[in-house]
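Shown below: target-v2.txt, with compact mmCIF, C-alpha atoms.
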# COMPACT_ATOMS: atom_id res chain seq x y z
CA MET A 1270 24.98 -36.81 90.48
CA PHE A 1271 26.36 -33.92 92.52
CA GLU A 1272 26.48 -33.71 96.29
CA LYS A 1273 25.40 -30.26 97.42
CA SER A 1274 28.00 -28.25 99.30
CA ARG A 1275 27.21 -27.36 102.92
CA GLY A 1276 30.35 -25.42 103.88
CA LYS A 1277 29.78 -21.75 104.69
CA ARG A 1278 31.89 -18.89 105.95
CA HIS A 1279 31.17 -15.33 106.95
CA ILE A 1280 32.27 -12.63 104.54
CA MET A 1281 33.39 -9.45 106.32
CA GLY A 1282 31.06 -6.55 105.72
CA SER A 1283 28.20 -8.71 104.46
CA PRO A 1284 24.95 -8.89 106.44
CA VAL A 1285 24.38 -12.50 105.35
CA TRP A 1286 26.19 -15.79 105.21
CA PHE A 1287 26.91 -17.37 101.89
CA ASP A 1288 28.79 -20.34 100.54
CA ALA A 1289 32.52 -20.19 100.08
CA PRO A 1290 33.77 -21.59 96.76
CA SER A 1291 33.39 -25.34 97.05
CA GLU A 1292 34.94 -28.36 95.40
CA ILE A 1293 31.64 -29.27 93.77
CA HIS A 1294 31.41 -25.83 92.17
CA GLY A 1295 34.88 -26.29 90.75
CA ASP A 1296 33.89 -29.68 89.34
CA ILE A 1297 30.77 -28.24 87.73
CA ARG A 1298 32.72 -25.34 86.27
CA GLU A 1299 35.38 -27.64 84.82
CA LEU A 1300 32.79 -29.99 83.32
CA ALA A 1301 30.75 -27.14 81.82
CA ALA A 1302 33.87 -25.53 80.36
CA THR A 1303 34.97 -28.84 78.83
CA VAL A 1304 31.64 -29.35 77.09
CA ALA A 1305 31.33 -25.71 75.96
CA ASN A 1306 34.89 -25.45 74.63
CA LYS A 1307 34.29 -28.53 72.50
CA TYR A 1308 32.03 -26.26 70.43
CA GLY A 1309 33.07 -22.64 71.00
CA HIS A 1310 32.15 -19.45 69.21
CA ASP A 1311 32.65 -20.67 65.64
CA TYR A 1312 30.01 -23.34 66.18
CA TYR A 1313 27.70 -20.81 67.84
CA LEU A 1314 28.17 -18.37 64.96
CA GLU A 1315 27.56 -20.97 62.26
CA LYS A 1316 24.33 -22.13 63.91
CA SER A 1317 23.16 -18.56 64.46
CA ARG A 1318 23.73 -17.40 60.89
CA SER A 1319 22.46 -20.54 59.19
CA GLY A 1320 19.20 -20.59 61.11
CA GLY A 1321 20.22 -23.78 62.85
CA GLN A 1322 19.91 -24.85 66.46
CA THR A 1323 22.60 -25.80 68.97
CA THR A 1324 21.19 -29.32 69.21
CA GLU A 1325 24.52 -31.11 69.61
CA LEU A 1326 25.74 -28.78 72.35
CA TRP A 1327 22.43 -29.08 74.22
CA ALA A 1328 22.53 -32.88 74.01
CA ASP A 1329 26.08 -33.02 75.35
CA LEU A 1330 25.18 -30.66 78.20
CA ALA A 1331 22.21 -32.85 79.04
CA ASP A 1332 24.27 -36.05 78.91
CA ALA A 1333 26.72 -34.44 81.35
CA GLY A 1334 23.87 -33.69 83.75
CA LEU A 1335 24.25 -29.94 83.31
CA VAL A 1336 20.93 -29.01 81.68
CA GLY A 1337 19.01 -30.55 84.58
CA ILE A 1338 21.46 -29.65 87.32
CA ALA A 1339 18.91 -27.46 89.15
CA ILE A 1340 15.94 -29.82 88.67
CA PRO A 1341 15.01 -32.00 91.70
CA GLU A 1342 16.67 -35.40 91.82
CA GLU A 1343 13.35 -37.26 92.00
CA PHE A 1344 12.66 -36.02 88.48
CA GLY A 1345 16.03 -36.95 87.03
CA GLY A 1346 17.85 -33.72 87.79
CA GLY A 1347 20.98 -32.92 89.75
CA GLY A 1348 19.19 -31.55 92.81
CA GLN A 1349 21.27 -28.38 92.87
CA GLY A 1350 20.23 -24.72 92.78
CA VAL A 1351 20.55 -21.49 90.87
CA GLN A 1352 24.17 -21.14 92.05
CA GLU A 1353 25.17 -24.26 90.15
CA LEU A 1354 23.01 -23.50 87.09
CA ALA A 1355 24.56 -20.02 86.95
CA ILE A 1356 28.03 -21.58 86.77
CA VAL A 1357 26.96 -23.59 83.72
CA CYS A 1358 25.48 -20.47 82.12
CA GLU A 1359 28.64 -18.44 82.75
CA GLU A 1360 30.96 -21.11 81.35
CA LEU A 1361 28.90 -21.48 78.18
CA ALA A 1362 29.16 -17.75 77.57
CA ALA A 1363 32.85 -17.69 78.50
CA ALA A 1364 33.40 -20.23 75.71
CA GLY A 1365 31.68 -17.93 73.22
CA CYS A 1366 28.33 -19.73 73.07
CA PRO A 1367 25.89 -17.99 75.45
CA SER A 1368 22.60 -19.85 75.90
CA PHE A 1369 19.35 -17.96 76.29
CA ARG A 1370 17.57 -21.33 76.10
CA LEU A 1371 19.17 -22.34 79.40
CA ILE A 1372 17.75 -19.21 80.99
CA VAL A 1373 14.22 -19.53 79.62
CA SER A 1374 13.60 -23.27 79.57
CA ILE A 1375 15.37 -24.18 82.81
CA SER A 1376 15.75 -21.17 85.14
CA ILE A 1377 12.24 -19.81 84.47
CA CYS A 1378 9.95 -22.59 83.27
CA ALA A 1379 11.42 -25.61 85.06
CA GLN A 1380 11.64 -23.51 88.23
CA LEU A 1381 7.96 -22.54 87.96
CA ILE A 1382 6.83 -26.11 87.38
CA ALA A 1383 9.02 -27.50 90.16
CA GLU A 1384 7.73 -24.95 92.68
CA PHE A 1385 4.09 -24.48 91.66
CA GLY A 1386 3.20 -27.29 89.25
CA THR A 1387 0.90 -30.21 89.97
CA GLU A 1388 2.40 -33.64 90.49
CA ALA A 1389 1.15 -34.60 87.04
CA GLN A 1390 2.85 -31.55 85.47
CA LYS A 1391 6.10 -32.30 87.28
CA ALA A 1392 6.03 -35.95 86.19
CA GLU A 1393 5.27 -35.04 82.57
CA TRP A 1394 7.74 -32.20 82.08
CA LEU A 1395 10.60 -32.17 84.56
CA PRO A 1396 12.26 -35.50 83.56
CA ALA A 1397 12.10 -34.46 79.89
CA LEU A 1398 13.54 -31.03 80.68
CA ALA A 1399 16.31 -32.57 82.78
CA SER A 1400 17.25 -34.99 80.00
CA GLY A 1401 17.18 -32.25 77.37
CA THR A 1402 14.62 -34.09 75.25
CA LYS A 1403 12.01 -31.35 75.62
CA ASN A 1404 12.22 -27.58 75.89
CA PHE A 1405 10.03 -24.76 77.09
CA ALA A 1406 9.62 -21.18 75.99
CA PHE A 1407 8.16 -18.38 78.08
CA SER A 1408 5.95 -15.49 77.00
CA VAL A 1409 4.79 -12.46 78.97
CA THR A 1410 5.66 -9.37 76.85
CA GLU A 1411 2.95 -7.65 74.83
CA PRO A 1412 3.13 -4.71 72.41
CA ASP A 1413 0.83 -2.45 74.47
CA ALA A 1414 1.86 -3.48 77.99
CA GLY A 1415 5.66 -3.30 77.99
CA LEU A 1416 7.01 -3.73 81.50
CA ASN A 1417 3.60 -3.04 83.04
CA THR A 1418 2.56 -6.67 83.33
CA HIS A 1419 -0.71 -5.67 85.03
CA ASN A 1420 -1.91 -4.33 81.68
CA ILE A 1421 -1.51 -7.46 79.58
CA SER A 1422 -4.54 -8.13 77.42
CA THR A 1423 -4.05 -11.77 76.37
CA THR A 1424 -6.98 -13.51 78.04
CA ALA A 1425 -7.60 -17.07 79.18
CA THR A 1426 -11.28 -17.80 79.79
CA ARG A 1427 -12.30 -20.89 81.72
CA ASP A 1428 -14.87 -23.01 79.91
CA GLY A 1429 -15.51 -26.18 81.86
CA ASP A 1430 -12.42 -28.35 81.69
CA VAL A 1431 -10.53 -26.06 79.30
CA TYR A 1432 -9.17 -22.53 78.99
CA ARG A 1433 -9.59 -20.59 75.76
CA ILE A 1434 -6.72 -18.19 75.07
CA ASN A 1435 -6.96 -15.11 72.86
CA GLY A 1436 -4.44 -12.36 72.30
CA GLN A 1437 -0.93 -11.56 71.12
CA LYS A 1438 2.57 -11.68 72.60
CA TYR A 1439 5.89 -10.63 71.16
CA TYR A 1440 9.61 -11.04 71.67
CA ALA A 1441 9.14 -14.63 72.74
CA SER A 1442 12.48 -16.44 72.42
CA ALA A 1443 13.20 -19.81 70.82
CA ILE A 1444 9.61 -20.83 70.12
CA ASP A 1445 10.93 -22.89 67.20
CA GLU A 1446 12.93 -25.01 69.67
CA ALA A 1447 10.14 -25.43 72.22
CA ASP A 1448 7.61 -28.17 72.79
CA ALA A 1449 5.44 -25.88 74.93
CA VAL A 1450 5.36 -22.30 76.13
CA VAL A 1451 4.38 -20.94 79.55
CA VAL A 1452 2.03 -18.05 78.75
CA VAL A 1453 1.10 -15.31 81.20
CA CYS A 1454 -2.62 -14.62 80.70
CA ARG A 1455 -5.30 -12.38 82.17
CA THR A 1456 -7.96 -14.57 83.78
CA GLY A 1457 -9.80 -11.74 85.53
CA THR A 1458 -9.65 -8.08 86.51
CA ARG A 1459 -9.27 -6.67 90.01
CA PRO A 1460 -11.44 -3.78 91.26
CA ASP A 1461 -8.54 -1.37 90.67
CA GLY A 1462 -8.41 -2.40 87.02
CA ARG A 1463 -5.25 -4.46 87.27
CA GLY A 1464 -5.26 -7.91 85.76
CA GLU A 1465 -5.60 -11.14 87.67
CA LEU A 1466 -2.87 -13.15 85.99
CA SER A 1467 -2.42 -16.88 85.54
CA LEU A 1468 0.25 -19.13 84.02
CA LEU A 1469 -0.76 -21.73 81.44
CA ILE A 1470 1.24 -24.39 79.63
CA VAL A 1471 0.45 -24.18 75.91
CA PRO A 1472 1.79 -26.90 73.55
CA VAL A 1473 3.18 -25.22 70.43
CA ASP A 1474 1.15 -27.51 68.17
CA SER A 1475 -2.16 -26.33 69.65
CA PRO A 1476 -4.78 -25.36 67.02
CA GLY A 1477 -5.09 -21.58 66.78
CA PHE A 1478 -1.53 -20.97 67.98
CA GLU A 1479 0.72 -19.27 65.41
CA LYS A 1480 4.18 -17.73 65.49
CA GLN A 1481 5.77 -15.08 63.29
CA LEU A 1482 9.52 -14.46 63.15
CA ILE A 1483 10.78 -11.03 64.21
CA GLU A 1484 13.90 -10.06 62.27
CA VAL A 1485 16.51 -8.65 64.64
CA GLU A 1486 20.15 -7.67 64.20
CA MET A 1487 21.38 -9.91 67.01
CA VAL A 1488 23.57 -12.90 66.23
CA ALA A 1489 22.10 -15.76 68.28
CA PRO A 1490 20.60 -19.18 67.59
CA GLU A 1491 17.53 -18.31 69.65
CA ARG A 1492 15.20 -16.36 67.39
CA GLN A 1493 12.44 -13.95 68.43
CA TYR A 1494 8.77 -14.37 67.62
CA THR A 1495 5.40 -12.68 67.77
CA LEU A 1496 2.77 -15.14 69.01
CA PHE A 1497 -0.92 -15.18 68.07
CA PHE A 1498 -3.60 -16.96 70.08
CA ASP A 1499 -6.90 -17.41 68.28
CA ASN A 1500 -9.25 -19.24 70.65
CA VAL A 1501 -6.42 -21.63 71.60
CA GLU A 1502 -7.87 -24.38 73.78
CA VAL A 1503 -5.78 -25.99 76.51
CA PRO A 1504 -6.88 -28.31 79.34
CA ALA A 1505 -7.57 -26.65 82.68
CA ALA A 1506 -4.99 -29.11 84.04
CA ASN A 1507 -2.37 -27.00 82.24
CA LEU A 1508 -2.80 -24.19 84.78
CA ILE A 1509 0.37 -23.74 86.87
CA GLY A 1510 -0.45 -23.04 90.50
CA VAL A 1511 -3.54 -21.04 91.47
CA GLU A 1512 -5.68 -19.09 89.03
CA GLY A 1513 -5.21 -15.36 89.50
CA ASN A 1514 -2.01 -15.80 91.50
CA GLY A 1515 0.27 -15.82 88.49
CA LEU A 1516 2.06 -12.56 89.21
CA LYS A 1517 3.26 -13.80 92.60
CA GLN A 1518 4.33 -17.09 91.03
CA LEU A 1519 5.99 -15.24 88.19
CA PHE A 1520 8.35 -13.41 90.52
CA ALA A 1521 9.62 -16.76 91.81
CA GLY A 1522 10.93 -17.36 88.29
CA LEU A 1523 12.09 -13.83 87.50
CA ASN A 1524 14.77 -13.55 90.19
CA PRO A 1525 16.52 -16.67 88.82
CA GLU A 1526 16.12 -15.19 85.34
CA ARG A 1527 17.93 -12.02 86.40
CA ILE A 1528 20.68 -14.03 88.10
CA MET A 1529 21.10 -16.17 84.99
CA ALA A 1530 21.12 -13.11 82.72
CA ALA A 1531 23.89 -11.70 84.91
CA SER A 1532 25.81 -14.97 84.63
CA LEU A 1533 25.52 -14.91 80.85
CA GLU A 1534 26.84 -11.34 80.77
CA ASN A 1535 29.66 -12.23 83.16
CA GLY A 1536 30.63 -15.07 80.87
CA ILE A 1537 30.70 -12.88 77.76
CA GLY A 1538 32.82 -10.40 79.70
CA LEU A 1539 35.30 -13.11 80.63
CA TYR A 1540 35.40 -14.31 77.02
CA ALA A 1541 36.13 -10.78 75.80
CA LEU A 1542 38.83 -10.03 78.38
CA ARG A 1543 40.61 -13.33 77.76
CA LYS A 1544 40.72 -12.52 74.05
CA ALA A 1545 41.89 -8.98 74.74
CA ALA A 1546 44.67 -10.11 77.07
CA ALA A 1547 45.91 -12.73 74.60
CA TYR A 1548 45.90 -10.22 71.74
CA ALA A 1549 47.56 -7.46 73.80
CA ASN A 1550 50.36 -9.86 74.74
CA ALA A 1551 50.92 -11.11 71.19
CA ARG A 1552 50.41 -7.97 69.10
CA GLU A 1553 53.57 -5.85 68.86
CA VAL A 1554 53.81 -2.26 67.65
CA TRP A 1555 57.10 -0.35 67.89
CA ASP A 1556 58.79 -3.53 69.11
CA VAL A 1557 56.75 -4.02 72.31
CA PRO A 1558 53.47 -5.79 73.00
CA ILE A 1559 50.61 -3.30 72.98
CA GLY A 1560 49.62 -4.56 76.44
CA ALA A 1561 52.72 -2.85 77.83
CA HIS A 1562 51.08 0.52 77.21
CA GLN A 1563 48.89 1.85 80.00
CA GLY A 1564 46.43 3.13 77.42
CA ILE A 1565 45.61 -0.54 76.88
CA SER A 1566 46.43 -2.16 80.21
CA HIS A 1567 44.63 0.25 82.55
CA PRO A 1568 41.23 0.15 80.81
CA LEU A 1569 41.43 -3.64 80.62
CA ALA A 1570 42.36 -3.83 84.31
CA LYS A 1571 39.38 -1.64 85.22
CA CYS A 1572 37.10 -3.88 83.16
CA MET A 1573 38.44 -6.89 85.05
CA ILE A 1574 37.75 -5.25 88.42
CA ASP A 1575 34.20 -4.28 87.44
CA LEU A 1576 33.52 -7.74 86.05
CA GLU A 1577 34.73 -9.49 89.20
CA LEU A 1578 32.53 -7.23 91.32
CA ALA A 1579 29.55 -8.14 89.14
CA ARG A 1580 30.38 -11.83 89.48
CA LEU A 1581 30.52 -11.50 93.26
CA MET A 1582 27.08 -9.86 93.40
CA THR A 1583 25.73 -12.57 91.09
CA GLN A 1584 27.05 -15.27 93.42
CA LYS A 1585 25.52 -13.51 96.41
CA ALA A 1586 22.12 -13.20 94.72
CA ALA A 1587 22.18 -16.88 93.74
CA TRP A 1588 23.10 -17.94 97.28
CA LEU A 1589 20.30 -15.86 98.78
CA HIS A 1590 17.77 -17.35 96.37
CA ASP A 1591 18.90 -20.91 97.03
CA ASN A 1592 18.66 -20.34 100.77
CA ASP A 1593 15.12 -18.94 100.59
CA ILE A 1594 16.21 -15.40 101.53
CA ALA A 1595 14.66 -12.46 99.67
CA ALA A 1596 16.97 -11.82 96.70
CA GLY A 1597 15.11 -9.21 94.66
CA GLU A 1598 17.51 -6.35 95.33
CA GLU A 1599 20.64 -8.45 94.81
CA ALA A 1600 19.30 -10.14 91.66
CA ASN A 1601 18.53 -6.76 90.12
CA MET A 1602 21.87 -5.31 91.21
CA ALA A 1603 23.69 -8.31 89.75
CA LYS A 1604 21.89 -8.04 86.44
CA TYR A 1605 22.56 -4.29 86.21
CA ALA A 1606 26.23 -4.56 87.20
CA ALA A 1607 26.91 -7.51 84.89
CA ALA A 1608 25.35 -5.83 81.85
CA GLU A 1609 27.42 -2.68 82.38
CA ALA A 1610 30.65 -4.59 83.08
CA CYS A 1611 30.16 -6.94 80.14
CA LEU A 1612 29.54 -4.18 77.61
CA ALA A 1613 32.56 -2.23 78.84
CA ALA A 1614 34.75 -5.35 78.63
CA LEU A 1615 33.52 -6.26 75.16
CA ASP A 1616 33.94 -2.71 73.90
CA MET A 1617 37.47 -2.46 75.30
CA SER A 1618 38.38 -5.82 73.82
CA ILE A 1619 37.19 -4.62 70.42
CA GLN A 1620 39.22 -1.43 70.89
CA THR A 1621 42.30 -3.46 71.87
CA HIS A 1622 42.02 -5.42 68.64
CA GLY A 1623 41.81 -2.26 66.54
CA GLY A 1624 40.26 -2.94 63.16
CA ASN A 1625 40.43 -6.66 63.86
CA GLY A 1626 37.87 -6.16 66.61
CA LEU A 1627 35.21 -5.87 63.91
CA ALA A 1628 36.48 -8.83 61.88
CA THR A 1629 34.27 -11.89 62.09
CA GLU A 1630 37.20 -14.25 62.63
CA TYR A 1631 38.07 -12.60 65.95
CA GLY A 1632 34.63 -13.39 67.38
CA LEU A 1633 33.98 -10.17 69.30
CA ALA A 1634 31.59 -7.92 67.40
CA THR A 1635 29.41 -10.97 66.76
CA LEU A 1636 28.54 -11.02 70.48
CA TRP A 1637 27.64 -7.36 70.72
CA GLY A 1638 23.90 -7.92 70.20
CA ALA A 1639 23.69 -10.65 72.84
CA ALA A 1640 25.59 -8.48 75.31
CA ARG A 1641 23.68 -5.27 74.55
CA LEU A 1642 20.31 -7.00 74.88
CA GLN A 1643 20.79 -7.39 78.62
CA ARG A 1644 20.64 -3.64 79.18
CA THR A 1645 17.06 -3.83 77.94
CA ALA A 1646 15.85 -7.34 78.76
CA PRO A 1647 14.60 -9.13 80.76
CA VAL A 1648 14.18 -5.83 82.61
CA SER A 1649 15.61 -2.49 81.56
CA ARG A 1650 18.41 -0.77 83.45
CA GLU A 1651 16.05 2.15 84.11
CA MET A 1652 13.49 -0.08 85.83
CA ILE A 1653 16.26 -1.62 87.92
CA LEU A 1654 17.33 1.85 89.01
CA ASN A 1655 13.69 2.59 89.88
CA PHE A 1656 13.54 -0.59 91.94
CA ILE A 1657 16.77 0.10 93.83
CA ALA A 1658 15.83 3.73 94.46
CA GLN A 1659 12.47 2.69 95.93
CA HIS A 1660 13.31 -0.53 97.77
CA SER A 1661 16.96 -0.06 98.76
CA LEU A 1662 17.01 3.67 99.39
CA GLY A 1663 13.41 4.24 100.43
CA LEU A 1664 12.85 6.98 97.86
CA PRO A 1665 9.39 7.85 96.54
CA ARG A 1666 8.12 5.73 93.68
CA SER A 1667 8.66 7.52 90.37
CA TYR A 1668 6.26 5.65 88.09

Turn the structure described in the file into structure tokens.
Amino acid sequence: MFEKSRGKRHIMGSPVWFDAPSEIHGDIRELAATVANKYGHDYYLEKSRSGGQTTELWADLADAGLVGIAIPEEFGGGGQGVQELAIVCEELAAAGCPSFRLIVSISICAQLIAEFGTEAQKAEWLPALASGTKNFAFSVTEPDAGLNTHNISTTATRDGDVYRINGQKYYASAIDEADAVVVVCRTGTRPDGRGELSLLIVPVDSPGFEKQLIEVEMVAPERQYTLFFDNVEVPAANLIGVEGNGLKQLFAGLNPERIMAASLENGIGLYALRKAAAYANAREVWDVPIGAHQGISHPLAKCMIDLELARLMTQKAAWLHDNDIAAGEEANMAKYAAAEACLAALDMSIQTHGGNGLATEYGLATLWGAARLQRTAPVSREMILNFIAQHSLGLPRSY
């Protein structure tokens, strides 16, 4: 559907080459914005508060080729990369309807299956993911492990042609919208006590698999769940990649997740600043628009600068990933910068609106939970700072 851009230019001061803005990126952005703006924040809010799902929006995105844009062409996708998927993610959020499902189902799970899955797994799942007819969830977090994935206790024991899964996960997103979930399990223990991890595809209708809703104060259509695995049996053919090599495989999906999380935050930031600018131009106090006052204009201008810097780092991280260049530092930097810039932009937009910033009809405070989440998930800002201190600055490990 889309012909991948090949034009590149050197950016002064950068140690790498990366793509200049291309015509195809503009086309993707325009198409994604058109679909997203057909729905907008009122639709997103109604679905979130009613317990509904954004089924119509997802179907339209899929029909436009945007859900599967980063899935290989031989499986019905667009054959593009994380750069292009990130554009879709940003435009959805910029229209007031950020999609965590796009991050989980496509940037993590579809990426893992495309890179490490068997031919049978690719044939079964990728065309359905590309067409939007099936969805995946992803589950790694456990109550007693936190960010220390080595300590997960959910086990998968091989028994002939099946694995038997036992344990508990929590804060798994959108399980109610998923056909299957990629579960990170312990399939062995290394001599140093760390887990040998593996990735298994678990259909949500598997006997022994149960979900329990976690009530959270975040307005979003994707709900959070605790998952229980009571001797859940799945075929050994549902193993993604090599048994015990799951952590290495997992990182191939986590850099795109961070890039996509950054894109979502960048989009919310754009949404907030557009609303703030429109309001500051229209709202008059003492016979002049409030945007004429530097107390309003300067903070908004700073937010715009910080947001554009975050967007640039996000683009760089996506380019590095798509060109098979190590992108861990840039993906983490992008996610950190975007979360900070987005929250500052949203807060300043609320401040610009005064009391109206908290009114539901202005559509700002209703995005606070989705924006604030990214300081904590998928990786906390503190762990990003640990990573940058250790890997970028060469400082001693602190944990």

If the box runs along x, y and z of the file and leaves 8 Å on each side of region 1325-1335 of chain A, what are its centre and edge lengths in Å, one decimal, as lines of an AutoDock Vina configuration file?
center_x = 24.5
center_y = -32.4
center_z = 76.7
size_x = 20.5
size_y = 23.3
size_z = 30.1

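The closest residue to Leu1539 (chain A), picked from A:Ala1414, A:Ala1364, A:Leu1627, A:Leu1300 and counting all atoms listed in the file, is A:Ala1364.
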
Check: Interatomic distance between CA of Ala1658 (chain A) and CA of Gly1538 (chain A)?
Finding: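 About the pair CA of Ala1658 (chain A) and CA of Gly1538 (chain A): they are 26.6 Å apart.
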
Check: Smallest atom-to-atom distance to Leu1508 (chain A): which of A:Lys1316, A:Lys1604, A:Arg1543, A:Arg1427, using only C-alpha atoms?
Finding: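 Nearest to Leu1508 (chain A): A:Arg1427.
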
Margin query: What's the separation between CA of Ala1639 (chain A) and CA of Ala1614 (chain A), in Å to one decimal place?
Written below: 13.6 Å

Next item on the list: Could you please determine the separation between CA of Ala1449 (chain A) and CA of Phe1498 (chain A) in Å, to one decimal place?
Entry: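 Separation of CA of Ala1449 (chain A) and CA of Phe1498 (chain A): 13.6 Å.
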
Item checked: Residue nearest Lys1391 (chain A) - candidates A:Glu1502, A:Glu1359, A:Asp1428, A:Glu1342, atoms counted: all atoms listed in the file ->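 Checking each of A:Glu1502, A:Glu1359, A:Asp1428, A:Glu1342 against Lys1391 (chain A), counting all atoms listed in the file, the winner is A:Glu1342.
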
Check: Counting all atoms listed in the file, what is within 7 Å of region 1302-1309 of chain A, bar same-chain residues fewer than 6 positions away, as a PyMOL selection string?
Finding: chain A and resi 1329-1330+1360-1361+1364-1366

Note to self: Please determine, counting all atoms listed in the file, which residue among A:Val1557, A:Leu1589, A:Ala1551, A:Met1602 has the shortest atom-to-atom distance to His1660 (chain A).
What the structure shows: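 Nearest candidate to His1660 (chain A) out of A:Val1557, A:Leu1589, A:Ala1551, A:Met1602: A:Met1602.
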
Notebook entry, point to check: If I put a ball of radius 12 Å at (33.7, -14.3, 93.8) in the file's coordinates, which residues poke into it when counting all atoms listed in the file, written as a list in words?
Noted result: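 The residues near that point, listed by chain and number, are Ile1280, Phe1287, Asp1288, Ala1289, Pro1290, Ser1291, His1294, Gln1352, Ile1356, Asn1535, Ile1574, Asp1575, Leu1576, Glu1577, Leu1578, Ala1579, Arg1580, Leu1581, Met1582, Thr1583, Gln1584, Lys1585, Ala1586, Ala1587 and Trp1588 of chain A.
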
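Checking A:Ala1603, A:Leu1469, A:Val1488, A:Leu1636 one by one against Ser1319 (chain A), counting only C-alpha atoms, you find the shortest gap at A:Val1488.
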
Next item on the list: Tell me, as a list in words, which residues lie within 6 Å of Gly1464 (chain A), counting all atoms listed in the file; anything in the same chain fewer than 2 positions away does not count.
Entry: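 Result of the neighbour search: His1419, Arg1455, Gly1457, Thr1458, Arg1459 and Leu1466 of chain A.
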
Item checked: Pick from A:Glu1598, A:Glu1553, A:Glu1526, A:Glu1630, whichever lies nearest to Cys1358 (chain A) using all atoms listed in the file ->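 Of the candidates, the smallest distance to Cys1358 (chain A) is held by A:Glu1526.
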
Checklist line | Exercise: Met1652 (chain A) partners within 12 Å, only C-alpha atoms, chain neighbours under 5 positions left out, as number ranges by chain | finding: A: 1415-1417, 1601-1602, 1604-1605, 1644-1647, 1657-1660, 1666-1668

Next item on the list: For the point (32.3, -15.3, 70.3) in the file's frame, write as a ChimeraX atom specification all residues with an atom no more than 10 Å away, counting all atoms listed in the file.
Entry: /A:1309-1314,1362-1367,1488,1537,1540-1541,1544,1629-1637

Checklist line | Asn1514 (chain A) surroundings by only C-alpha atoms, 10 Å radius, close-in-sequence under 4 positions cut, as a list in words | finding: Thr1456, Glu1465, Leu1466, Ser1467, Leu1468, Ile1509, Gly1510, Gln1518 and Leu1519 of chain A

For region 1526-1540 of chain A, where the input has fewer atoms than it should, I would like N, CA and C atoms rebuilt and written as a CSV table (one decimal), keeping the file's coordinate frame.
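What ended up in out-v8.csv:
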chain,number,residue,atom,x,y,z
A,1526,GLU,N,15.9,-15.7,86.7
A,1526,GLU,CA,16.1,-15.2,85.3
A,1526,GLU,C,17.1,-14.1,85.4
A,1527,ARG,N,17.0,-13.1,86.3
A,1527,ARG,CA,17.9,-12.0,86.4
A,1527,ARG,C,19.3,-12.5,86.8
A,1528,ILE,N,19.4,-13.5,87.7
A,1528,ILE,CA,20.7,-14.0,88.1
A,1528,ILE,C,21.3,-14.7,86.9
A,1529,MET,N,20.6,-15.5,86.2
A,1529,MET,CA,21.1,-16.2,85.0
A,1529,MET,C,21.5,-15.2,83.9
A,1530,ALA,N,20.7,-14.1,83.7
A,1530,ALA,CA,21.1,-13.1,82.7
A,1530,ALA,C,22.4,-12.5,83.1
A,1531,ALA,N,22.6,-12.2,84.4
A,1531,ALA,CA,23.9,-11.7,84.9
A,1531,ALA,C,25.0,-12.7,84.6
A,1532,SER,N,24.8,-14.0,84.9
A,1532,SER,CA,25.8,-15.0,84.6
A,1532,SER,C,26.2,-15.0,83.2
A,1533,LEU,N,25.2,-14.9,82.3
A,1533,LEU,CA,25.5,-14.9,80.8
A,1533,LEU,C,26.4,-13.7,80.5
A,1534,GLU,N,26.0,-12.5,81.0
A,1534,GLU,CA,26.8,-11.3,80.8
A,1534,GLU,C,28.2,-11.5,81.3
A,1535,ASN,N,28.3,-12.0,82.6
A,1535,ASN,CA,29.7,-12.2,83.2
A,1535,ASN,C,30.5,-13.1,82.3
A,1536,GLY,N,29.9,-14.2,81.7
A,1536,GLY,CA,30.6,-15.1,80.9
A,1536,GLY,C,31.1,-14.4,79.6
A,1537,ILE,N,30.3,-13.6,79.0
A,1537,ILE,CA,30.7,-12.9,77.8
A,1537,ILE,C,31.8,-11.9,78.1
A,1538,GLY,N,31.7,-11.3,79.3
A,1538,GLY,CA,32.8,-10.4,79.7
A,1538,GLY,C,34.1,-11.1,79.9
A,1539,LEU,N,34.1,-12.3,80.5
A,1539,LEU,CA,35.3,-13.1,80.6
A,1539,LEU,C,35.9,-13.5,79.3
A,1540,TYR,N,35.0,-13.9,78.4
A,1540,TYR,CA,35.4,-14.3,77.0
A,1540,TYR,C,36.1,-13.1,76.4
